[in-house]
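**Student:** Contents are mmCIF, C-alpha atoms; file name run25.cif:
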```
data_structure
loop_
_atom_site.label_atom_id
_atom_site.label_comp_id
_atom_site.auth_asym_id
_atom_site.auth_seq_id
_atom_site.Cartn_x
_atom_site.Cartn_y
_atom_site.Cartn_z
CA MET A 1 -26.66 165.55 93.01
CA SER A 2 -29.82 163.50 93.59
CA LYS A 3 -31.06 163.82 90.00
CA LEU A 4 -29.99 160.99 87.71
CA PHE A 5 -27.66 161.85 84.79
CA PRO A 6 -27.01 165.52 85.66
CA THR A 7 -26.07 167.61 82.64
CA GLN A 8 -23.18 170.05 82.49
CA GLU A 9 -20.89 171.88 80.08
CA ILE A 10 -17.10 171.56 80.06
CA GLY A 11 -16.52 175.30 80.01
CA SER A 12 -15.97 177.31 76.86
CA LEU A 13 -18.47 178.79 74.41
CA LYS A 14 -17.75 181.03 71.43
CA LYS A 15 -17.84 184.65 72.54
CA PRO A 16 -20.65 186.82 71.13
CA ALA A 17 -19.29 188.80 68.15
CA ASP A 18 -20.71 192.14 69.30
CA MET A 19 -19.09 191.71 72.71
CA LEU A 20 -15.67 191.10 71.14
CA LYS A 21 -16.06 194.18 68.95
CA LYS A 22 -16.98 196.40 71.88
CA VAL A 23 -14.28 195.26 74.29
CA LYS A 24 -11.63 195.95 71.62
CA ASP A 25 -13.06 199.41 70.79
CA PRO A 26 -10.82 202.12 72.29
CA ASN A 27 -13.74 204.59 72.15
CA ILE A 28 -15.76 202.61 74.64
CA SER A 29 -15.14 203.37 78.32
CA ASP A 30 -13.85 200.79 80.80
CA GLU A 31 -17.13 201.06 82.68
CA GLU A 32 -19.10 200.27 79.54
CA LYS A 33 -16.78 197.35 78.77
CA ILE A 34 -17.50 195.87 82.21
CA LYS A 35 -21.21 196.08 81.43
CA VAL A 36 -20.63 194.44 78.02
CA ARG A 37 -18.78 191.52 79.63
CA ASN A 38 -21.45 191.17 82.34
CA ASP A 39 -24.21 191.15 79.74
CA ALA A 40 -22.42 188.45 77.73
CA ALA A 41 -21.92 186.33 80.86
CA LEU A 42 -25.57 186.78 81.83
CA LEU A 43 -26.71 185.80 78.34
CA ASN A 44 -24.70 182.57 78.50
CA ILE A 45 -25.80 181.71 82.04
CA LYS A 46 -29.49 182.31 81.31
CA THR A 47 -29.38 180.50 77.97
CA LEU A 48 -27.76 177.43 79.55
CA GLU A 49 -30.27 177.49 82.41
CA ASP A 50 -33.24 177.93 80.05
CA ILE A 51 -32.03 174.97 77.99
CA GLY A 52 -32.15 172.97 81.20
CA LEU A 53 -28.48 172.40 82.08
CA ASP A 54 -28.13 171.30 85.70
CA ILE A 55 -24.60 172.57 86.32
CA VAL A 56 -23.51 175.81 84.67
CA TYR A 57 -20.77 178.38 84.18
CA ASP A 58 -20.64 181.46 81.95
CA GLY A 59 -18.99 179.98 78.86
CA GLU A 60 -15.65 181.40 80.04
CA VAL A 61 -16.74 184.60 78.30
CA ARG A 62 -14.34 186.88 80.21
CA ARG A 63 -11.29 184.69 79.61
CA VAL A 64 -8.91 185.24 76.68
CA GLU A 65 -8.30 181.50 76.56
CA MET A 66 -7.35 178.76 79.02
CA TYR A 67 -3.57 179.25 78.97
CA GLU A 68 -3.05 182.96 78.36
CA GLU A 69 -5.61 184.04 80.95
CA PRO A 70 -3.97 182.49 84.05
CA VAL A 71 -0.42 183.17 82.84
CA ARG A 72 -1.17 186.90 82.67
CA TYR A 73 -1.74 186.91 86.43
CA VAL A 74 1.03 184.62 87.70
CA ASP A 75 4.48 185.78 88.82
CA GLY A 76 7.43 184.18 87.09
CA PHE A 77 6.05 184.21 83.55
CA GLU A 78 6.94 186.42 80.58
CA PHE A 79 5.20 186.06 77.23
CA ALA A 80 7.64 185.10 74.47
CA GLY A 81 5.42 185.39 71.39
CA ARG A 82 2.96 183.47 69.27
CA VAL A 83 3.60 179.88 68.24
CA ARG A 84 1.55 177.24 66.50
CA SER A 85 -0.56 174.99 68.72
CA TRP A 86 -2.34 172.89 66.08
CA ASP A 87 -3.43 173.29 62.45
CA ASN A 88 -3.18 177.02 61.78
CA LYS A 89 -4.08 177.98 65.31
CA TYR A 90 -1.55 179.97 67.27
CA TYR A 91 -1.30 180.87 70.91
CA LYS A 92 0.74 183.27 73.01
CA LYS A 93 3.34 181.10 74.76
CA ALA A 94 5.22 182.20 77.85
CA ARG A 95 8.66 181.58 79.36
CA VAL A 96 9.09 180.74 83.02
CA VAL A 97 11.90 183.09 84.01
CA GLY A 98 11.59 183.03 87.80
CA PRO A 99 9.79 181.32 90.68
CA VAL A 100 6.09 180.99 89.90
CA ALA A 101 3.69 182.45 92.44
CA PHE A 102 0.02 183.29 92.86
CA LYS A 103 -0.66 187.04 92.70
CA GLN A 104 -4.45 187.33 92.78
CA ASN A 105 -7.58 185.30 92.17
CA PHE A 106 -8.07 186.12 88.51
CA HIS A 107 -11.39 184.22 88.44
CA ALA A 108 -12.90 185.97 91.47
CA GLU A 109 -14.90 188.64 89.61
CA GLU A 110 -16.18 186.08 87.12
CA PHE A 111 -17.17 183.57 89.83
CA ASN A 112 -18.86 186.13 92.08
CA PHE A 113 -20.96 187.38 89.16
CA ILE A 114 -22.08 183.85 88.25
CA LYS A 115 -22.87 183.08 91.90
CA GLU A 116 -25.11 186.16 92.11
CA ASN A 117 -26.87 185.46 88.83
CA SER A 118 -27.28 181.70 88.59
CA LYS A 119 -29.93 179.51 90.11
CA ARG A 120 -28.09 176.27 89.37
CA GLU A 121 -25.03 174.48 90.69
CA ILE A 122 -21.80 176.05 89.48
CA LYS A 123 -18.70 174.20 88.27
CA VAL A 124 -15.61 176.41 87.98
CA PRO A 125 -13.05 175.44 85.31
CA VAL A 126 -9.43 176.13 86.25
CA THR A 127 -6.36 175.40 84.11
CA GLY A 128 -4.22 172.73 85.77
CA ALA A 129 -0.56 172.89 86.75
CA TYR A 130 0.62 170.13 84.44
CA THR A 131 -0.88 171.81 81.36
CA LEU A 132 0.48 175.23 82.34
CA ALA A 133 3.95 173.69 82.65
CA ASP A 134 3.74 171.61 79.49
CA TRP A 135 2.58 174.56 77.38
CA SER A 136 5.33 176.89 78.63
CA TYR A 137 9.05 177.29 78.00
CA ASP A 138 10.97 176.65 81.21
CA GLU A 139 14.11 178.70 81.66
CA HIS A 140 14.13 178.63 85.45
CA TYR A 141 13.41 175.26 87.04
CA LYS A 142 15.83 172.31 86.82
CA SER A 143 13.18 169.93 85.51
CA LYS A 144 9.62 169.79 84.24
CA ASP A 145 8.60 167.91 87.40
CA GLU A 146 9.88 170.78 89.54
CA LEU A 147 7.94 173.34 87.49
CA VAL A 148 4.75 171.28 87.58
CA LEU A 149 4.85 170.90 91.36
CA ALA A 150 5.74 174.56 91.86
CA LEU A 151 2.69 175.54 89.81
CA ALA A 152 0.50 173.07 91.69
CA ARG A 153 1.59 174.28 95.15
CA ASN A 154 2.18 177.97 94.55
CA VAL A 155 -0.43 178.87 91.93
CA VAL A 156 -3.27 176.40 91.47
CA ARG A 157 -3.69 175.46 95.12
CA PRO A 158 -4.02 179.07 96.41
CA LEU A 159 -6.32 179.90 93.47
CA VAL A 160 -8.60 176.95 94.20
CA LYS A 161 -8.52 177.66 97.95
CA ASP A 162 -9.62 181.23 97.31
CA LEU A 163 -12.43 180.14 94.99
CA VAL A 164 -13.70 177.71 97.63
CA GLU A 165 -13.57 180.46 100.26
CA LEU A 166 -15.72 182.56 97.92
CA GLY A 167 -18.25 179.74 97.82
CA ALA A 168 -17.23 177.47 94.96
CA LYS A 169 -18.28 173.88 95.61
CA ILE A 170 -17.24 172.17 92.37
CA ILE A 171 -13.89 172.85 90.69
CA GLN A 172 -12.93 171.31 87.36
CA ILE A 173 -9.19 171.16 86.75
CA ASP A 174 -8.60 171.32 83.01
CA GLU A 175 -5.64 169.21 81.89
CA PRO A 176 -5.65 168.79 78.10
CA ALA A 177 -1.86 168.24 78.09
CA ALA A 178 -1.92 165.35 80.55
CA THR A 179 -2.78 162.52 78.18
CA THR A 180 -0.39 163.76 75.47
CA HIS A 181 2.45 162.38 77.60
CA PRO A 182 1.41 158.89 78.77
CA ALA A 183 4.85 158.35 80.36
CA GLU A 184 4.37 161.33 82.69
CA MET A 185 1.25 160.17 84.49
CA ASP A 186 3.05 159.96 87.86
CA ILE A 187 3.87 163.67 87.89
CA PHE A 188 0.40 164.45 86.58
CA ARG A 189 -1.10 162.54 89.51
CA GLU A 190 1.13 164.40 91.96
CA SER A 191 0.25 167.75 90.43
CA ILE A 192 -3.49 167.21 90.91
CA ASN A 193 -3.03 165.93 94.46
CA GLU A 194 -0.82 168.86 95.40
CA SER A 195 -3.24 171.32 93.79
CA VAL A 196 -6.19 170.17 95.89
CA LYS A 197 -4.34 169.30 99.13
CA GLY A 198 -6.21 170.39 102.24
CA ILE A 199 -9.14 171.91 100.34
CA ASP A 200 -12.71 170.75 100.92
CA ALA A 201 -14.61 170.78 97.62
CA LYS A 202 -15.70 168.45 94.83
CA PHE A 203 -12.89 168.11 92.28
CA VAL A 204 -13.37 167.15 88.67
CA VAL A 205 -10.51 166.47 86.24
CA HIS A 206 -11.03 167.15 82.54
CA ALA A 207 -8.59 165.35 80.23
CA CYS A 208 -8.57 165.04 76.46
CA PHE A 209 -8.30 161.75 74.62
CA SER A 210 -4.99 162.28 72.74
CA GLY A 211 -4.49 158.91 71.08
CA ASN A 212 -3.74 156.81 74.14
CA ASP A 213 -7.43 156.00 74.72
CA TYR A 214 -7.00 156.90 78.40
CA LYS A 215 -5.02 153.67 78.95
CA ALA A 216 -2.26 155.53 80.78
CA LEU A 217 -4.76 157.57 82.82
CA ALA A 218 -6.91 154.63 83.98
CA PRO A 219 -4.46 153.10 86.53
CA GLN A 220 -3.89 156.52 88.10
CA MET A 221 -7.55 157.41 88.52
CA PRO A 222 -8.09 155.74 91.91
CA GLU A 223 -4.93 157.47 93.25
CA ILE A 224 -5.85 160.98 92.11
CA LYS A 225 -7.90 163.00 94.58
CA ALA A 226 -10.76 163.74 92.20
CA GLU A 227 -14.34 162.54 92.48
CA GLN A 228 -15.13 162.88 88.81
CA TYR A 229 -13.48 162.87 85.41
CA THR A 230 -15.04 164.62 82.40
CA LEU A 231 -13.79 162.77 79.35
CA GLU A 232 -14.20 162.47 75.59
CA PHE A 233 -16.04 159.54 74.03
CA ALA A 234 -18.37 160.88 71.32
CA ASN A 235 -15.69 161.71 68.77
CA ARG A 236 -14.71 158.03 68.55
CA ASP A 237 -18.21 156.61 68.72
CA THR A 238 -20.59 155.69 65.91
CA TRP A 239 -23.66 157.80 65.17
CA ASN A 240 -25.89 154.73 65.26
CA THR A 241 -28.38 154.32 68.08
CA GLY A 242 -28.08 151.08 70.02
CA LEU A 243 -26.78 149.64 73.23
CA ASP A 244 -24.39 147.02 71.84
CA ASP A 245 -20.61 147.23 71.90
CA ASP A 246 -20.37 147.79 68.13
CA ALA A 247 -22.64 150.82 68.20
CA ARG A 248 -20.95 152.20 71.32
CA LYS A 249 -17.33 151.48 70.41
CA GLY A 250 -16.27 154.94 71.61
CA PHE A 251 -17.28 154.06 75.17
CA GLN A 252 -15.43 150.73 75.54
CA VAL A 253 -12.71 152.30 77.67
CA LEU A 254 -15.23 152.80 80.51
CA LYS A 255 -14.71 149.14 81.36
CA LEU A 256 -11.00 149.85 81.84
CA PHE A 257 -11.72 152.47 84.51
CA LYS A 258 -13.76 149.96 86.45
CA GLU A 259 -11.08 147.25 86.03
CA HIS A 260 -8.52 149.58 87.57
CA GLY A 261 -10.69 150.16 90.59
CA PHE A 262 -11.99 153.67 89.92
CA GLU A 263 -15.27 154.07 91.78
CA GLY A 264 -15.99 157.73 91.19
CA GLU A 265 -18.12 159.59 88.67
CA ILE A 266 -17.54 159.96 84.95
CA GLY A 267 -18.81 162.95 83.02
CA ILE A 268 -19.31 161.14 79.72
CA GLY A 269 -18.71 163.13 76.55
CA VAL A 270 -21.84 162.53 74.48
CA SER A 271 -21.46 165.35 71.88
CA ASP A 272 -18.58 165.68 69.43
CA VAL A 273 -17.28 169.26 69.64
CA HIS A 274 -15.40 169.07 66.33
CA VAL A 275 -18.43 168.66 64.03
CA ASN A 276 -21.53 170.77 63.41
CA GLU A 277 -23.94 167.86 63.11
CA ILE A 278 -26.29 167.70 66.09
CA GLU A 279 -26.47 164.36 67.86
CA SER A 280 -30.08 163.21 68.24
CA PRO A 281 -31.54 162.91 71.76
CA GLU A 282 -32.02 159.18 71.06
CA LEU A 283 -28.33 158.74 70.28
CA ILE A 284 -27.38 160.59 73.45
CA ARG A 285 -29.88 158.50 75.43
CA ASP A 286 -28.19 155.32 74.23
CA ARG A 287 -24.70 156.64 74.99
CA ILE A 288 -25.85 157.43 78.52
CA LEU A 289 -27.58 154.09 79.08
CA TYR A 290 -24.59 152.17 77.74
CA SER A 291 -22.28 154.08 80.07
CA ALA A 292 -24.53 153.46 83.06
CA LYS A 293 -24.37 149.72 82.39
CA ALA A 294 -20.61 149.76 81.76
CA LEU A 295 -19.92 151.55 85.03
CA GLY A 296 -22.38 149.36 86.87
CA ASP A 297 -24.07 152.28 88.62
CA PRO A 298 -26.20 154.92 86.87
CA THR A 299 -25.62 157.41 89.70
CA LYS A 300 -21.99 157.65 88.60
CA VAL A 301 -22.86 159.03 85.18
CA TYR A 302 -22.80 162.75 84.47
CA VAL A 303 -23.49 164.05 80.97
CA ASN A 304 -21.48 166.66 79.06
CA PRO A 305 -20.02 167.42 75.62
CA ASP A 306 -16.59 165.93 74.88
CA CYS A 307 -14.86 169.24 75.52
CA GLY A 308 -15.44 173.00 75.45
CA LEU A 309 -17.60 174.25 72.59
CA ARG A 310 -15.74 177.41 71.59
CA THR A 311 -14.80 176.04 68.15
CA ARG A 312 -18.51 175.75 67.23
CA THR A 313 -20.88 178.61 66.48
CA ARG A 314 -23.11 179.63 69.34
CA GLU A 315 -26.13 178.29 67.48
CA VAL A 316 -24.59 174.85 67.00
CA SER A 317 -23.34 174.80 70.60
CA PHE A 318 -26.73 175.55 72.11
CA ASP A 319 -28.44 173.05 69.78
CA LYS A 320 -25.97 170.36 70.87
CA ILE A 321 -26.57 171.16 74.54
CA ARG A 322 -30.34 171.22 73.99
CA SER A 323 -30.22 167.77 72.44
CA MET A 324 -27.95 166.56 75.24
CA VAL A 325 -30.43 167.71 77.89
CA LYS A 326 -33.28 166.00 76.03
CA GLY A 327 -31.21 162.82 75.68
CA ALA A 328 -30.62 162.77 79.44
CA GLU A 329 -34.38 163.11 80.01
CA LEU A 330 -35.02 160.14 77.71
CA ALA A 331 -32.37 158.10 79.55
CA ARG A 332 -34.03 158.86 82.91
CA GLU A 333 -37.35 157.65 81.51
CA GLU A 334 -35.75 154.30 80.61
CA ILE A 335 -34.27 153.84 84.07
CA LYS A 336 -37.51 154.57 85.96
CA MET B 337 26.44 152.50 62.00
CA ASP B 338 25.81 149.94 59.28
CA LEU B 339 22.98 151.95 57.72
CA PRO B 340 23.62 152.78 54.03
CA VAL B 341 23.67 156.53 54.69
CA SER B 342 26.36 159.15 54.48
CA GLY B 343 25.72 160.55 57.91
CA LEU B 344 23.71 160.56 61.10
CA GLY B 345 22.30 163.37 63.20
CA PHE B 346 21.47 163.25 66.90
CA ASP B 347 19.44 165.35 69.24
CA ILE B 348 22.09 165.99 71.89
CA THR B 349 19.64 167.96 74.03
CA THR B 350 17.94 164.69 74.98
CA THR B 351 20.27 161.88 73.87
CA PRO B 352 23.16 161.39 76.30
CA ALA B 353 26.40 162.21 74.47
CA SER B 354 27.99 159.14 76.06
CA SER B 355 25.75 156.86 74.00
CA ILE B 356 27.16 158.37 70.79
CA GLU B 357 30.74 158.83 71.90
CA LYS B 358 31.34 155.11 72.24
CA HIS B 359 30.96 154.71 68.46
CA SER B 360 33.47 155.55 65.74
CA PHE B 361 32.13 157.76 62.93
CA SER B 362 35.29 157.51 60.85
CA ASP B 363 33.39 156.89 57.62
CA LYS B 364 30.33 158.95 58.40
CA ILE B 365 29.18 162.54 58.70
CA LEU B 366 28.02 163.41 62.20
CA THR B 367 25.47 166.17 62.84
CA VAL B 368 25.24 167.26 66.45
CA GLY B 369 21.79 168.65 67.21
CA ILE B 370 22.92 170.96 69.97
CA ILE B 371 20.35 173.76 69.80
CA ASN B 372 17.03 173.03 71.54
CA SER B 373 14.17 174.07 69.24
CA PHE B 374 11.58 173.46 71.93
CA ASN B 375 12.79 175.96 74.49
CA THR B 376 13.43 179.69 74.41
CA ALA B 377 16.51 179.48 76.66
CA ILE B 378 19.41 180.65 74.51
CA GLU B 379 22.35 178.28 74.60
CA LYS B 380 25.77 179.47 75.80
CA PRO B 381 28.10 179.29 72.77
CA GLN B 382 31.30 178.31 74.61
CA GLU B 383 29.61 175.51 76.55
CA CYS B 384 28.24 174.13 73.29
CA ILE B 385 31.60 174.48 71.52
CA ASN B 386 33.25 172.50 74.33
CA GLN B 387 30.60 169.80 74.07
CA VAL B 388 30.86 169.54 70.28
CA ASP B 389 34.66 169.36 70.44
CA GLU B 390 34.46 166.57 73.01
CA ILE B 391 32.00 164.56 70.94
CA ASN B 392 34.07 164.99 67.78
CA ALA B 393 37.30 164.04 69.60
CA LYS B 394 35.75 160.77 70.73
CA THR B 395 33.82 159.83 67.58
CA LYS B 396 36.32 161.13 64.99
CA PRO B 397 33.72 161.70 62.22
CA LYS B 398 34.61 162.11 58.57
CA GLU B 399 32.81 165.48 58.71
CA SER B 400 31.01 167.26 61.51
CA TYR B 401 28.03 169.62 61.44
CA VAL B 402 26.10 171.37 64.16
CA SER B 403 22.37 172.01 64.01
CA ASN B 404 19.19 172.57 65.97
CA ASN B 405 17.45 169.44 67.21
CA PHE B 406 14.16 170.06 65.40
CA ASP B 407 12.26 172.62 63.34
CA LEU B 408 12.47 176.07 64.84
CA GLU B 409 8.79 176.78 64.35
CA TYR B 410 8.11 175.84 67.97
CA VAL B 411 9.70 179.00 69.32
CA PRO B 412 8.76 182.58 68.40
CA LYS B 413 10.73 184.01 65.48
CA GLU B 414 12.87 186.36 67.58
CA PHE B 415 14.15 183.45 69.66
CA ALA B 416 14.63 181.27 66.56
CA MET B 417 16.83 183.94 64.98
CA ASN B 418 18.87 184.27 68.18
CA LYS B 419 19.38 180.52 68.26
CA ILE B 420 20.53 180.46 64.64
CA SER B 421 23.01 183.19 65.48
CA VAL B 422 24.35 181.10 68.37
CA LEU B 423 24.56 178.12 66.03
CA GLY B 424 26.81 180.17 63.79
CA GLU B 425 29.07 181.02 66.72
CA ILE B 426 29.31 177.35 67.65
CA ALA B 427 30.15 176.34 64.10
CA ARG B 428 32.85 179.00 63.88
CA GLY B 429 34.26 178.18 67.32
CA ALA B 430 34.36 174.39 67.13
CA LYS B 431 37.61 172.75 66.07
CA ASP B 432 37.88 171.34 62.57
CA VAL B 433 37.76 167.56 62.39
#
```
Any chance you could put this one into structure tokens?

**Tutor:**
Amino acid sequence: MSKLFPTQEIGSLKKPADMLKKVKDPNISDEEKIKVRNDAALLNIKTLEDIGLDIVYDGEVRRVEMYEEPVRYVDGFEFAGRVRSWDNKYYKKARVVGPVAFKQNFHAEEFNFIKENSKREIKVPVTGAYTLADWSYDEHYKSKDELVLALARNVVRPLVKDLVELGAKIIQIDEPAATTHPAEMDIFRESINESVKGIDAKFVVHACFSGNDYKALAPQMPEIKAEQYTLEFANRDTWNTGLDDDARKGFQVLKLFKEHGFEGEIGIGVSDVHVNEIESPELIRDRILYSAKALGDPTKVYVNPDCGLRTRTREVSFDKIRSMVKGAELAREEIK
Amino acid sequence: MDLPVSGLGFDITTTPASSIEKHSFSDKILTVGIINSFNTAIEKPQECINQVDEINAKTKPKESYVSNNFDLEYVPKEFAMNKISVLGEIARGAKDV
């Protein structure tokens, strides 16, 4: 993108309450439910565009959540029941009971709708093979590595290929589990490379922070076939404006990426998705400018929240994105 | 083995049994964590009984227990109950030490 500091979301937004009520209502027809989902998607797309986001999606409004949604549509999985993921949050976890295989493009309807209704660039979030494997019980494959690669080759790759054939140009592979196992970075690298093999598109990898400060990820970054990484920084940074290392302590790890020879783009997380306080545009401006200097090239900096925003209210989410867009504008003014 | 404790427990689903079997547990209680709390695959009782008997024969503990390797909250309740049932079968089937 020729514009400096393009702004984007990671993917999820909280679903509108009235939409959730209607899609669960047995008295509402399937046809009406389709319209309800379309309206919710349109609302998110138009709101994000009106705020000024450069790269959009629909807030993942049709998806149950990032694990359950793909697993519903993949051969080889059976849901086992609900288990705790973190705090008092539970998710529906599945068992792998047979060979995993792609059945259908479960994001096709969603993507086609966004393509018809958006004027901006579109980035499609897709749950990655490593996370699908890590978050599942495996009763079929001999090892986790085998399951990860089977998912990469037989599920994620055909899904991504189909999305690209439908017109997708940017695909974000969501891998929150990757950095929770620093010793498994080799298989994580292989899973991404197998997932994107032979497909011509721009690939983005989204990985959470998970306590290792991306130290295990950094050496792998030049070997992974992804042009961009969207990463978390804001939740470890100070809320002080400033361009010094003390103020921007959450962004120190950017230097590590450069040291390990990564020359691609970084989608810097400038908004903390775990708090309701809204970062000021000036704070975001300084986070962007610091990152541009740390990476040595402002054209490598993309701007996004740390992660998906579905744990925040819609009001807080859109306020955070609004401030992020304004912060990017201020940063561009400084660079001119 | 010099720790001032009455017994030790091991996660046999990840720890190689050979690393435990080379030690004598003659004055200690040994708990063999043979049920995997992180996976829904239900263990085969006889295979587990054979493994527990082999470990006990080599380590000769003062007392021997069998258990799951971690809290069972990481599998759905139905699977947890099945695993506890299998644990009972293993305990009843394993030879006394």

**Student:** Report as a PyMOL selection string all protein, DNA and RNA residues lying within 9 Å of Thr311 of chain A, evaluated on all atoms listed in the file, omitting residues in the same chain fewer than 3 positions from it.

**Tutor:** chain A and resi 12-14+273-274+308+317

**Student:** Determine the nearest neighbour of Ile420 of chain B from the options B:Ser342, B:Thr351, B:Thr395, B:Asn372, counting all atoms listed in the file.

**Tutor:**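 Nearest candidate to Ile420 of chain B out of B:Ser342, B:Thr351, B:Thr395, B:Asn372: B:Asn372.
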
**Student:** Residue by residue, what does the PyMOL selection byres ((chain A) within 8 of (chain B)) grab here? Present the result as a short mmCIF file (atom, residue, chain, number, x, y, z; two decimals) with C-alpha atoms, in the coordinates of the input.

**Tutor:**
```cif
data_model
loop_
_atom_site.label_atom_id
_atom_site.label_comp_id
_atom_site.auth_asym_id
_atom_site.auth_seq_id
_atom_site.Cartn_x
_atom_site.Cartn_y
_atom_site.Cartn_z
CA ALA A 80 7.64 185.10 74.47
CA GLY A 81 5.42 185.39 71.39
CA ARG A 82 2.96 183.47 69.27
CA VAL A 83 3.60 179.88 68.24
CA ARG A 84 1.55 177.24 66.50
CA ARG A 95 8.66 181.58 79.36
CA TYR A 137 9.05 177.29 78.00
CA ASP A 138 10.97 176.65 81.21
CA GLU A 139 14.11 178.70 81.66
#
```

**Student:** Go through the shown structure with the PyMOL selection byres ((chain B and resi 381) around 7) and write out the matching residues as a PyMOL selection string.

**Tutor:** chain B and resi 379-380+382-385+422+425-426

**Student:** Run through the PyMOL selection byres ((chain A and resi 97) around 8) on the given coordinates and return the selected residues as a ChimeraX atom specification.

**Tutor:** /A:76-78,95-96,98-99,138-140

**Student:** What's the separation between atom CA of Tyr229 of chain A and atom CA of Val205 of chain A, in Å to one decimal place?

**Tutor:** 4.7 Å

**Student:** Between atom CA of Ile122 of chain A and atom CA of Lys225 of chain A, what is the distance, to one decimal in Å?

**Tutor:**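 Answer for the atom CA of Ile122 of chain A to atom CA of Lys225 of chain A separation: 19.7 Å.
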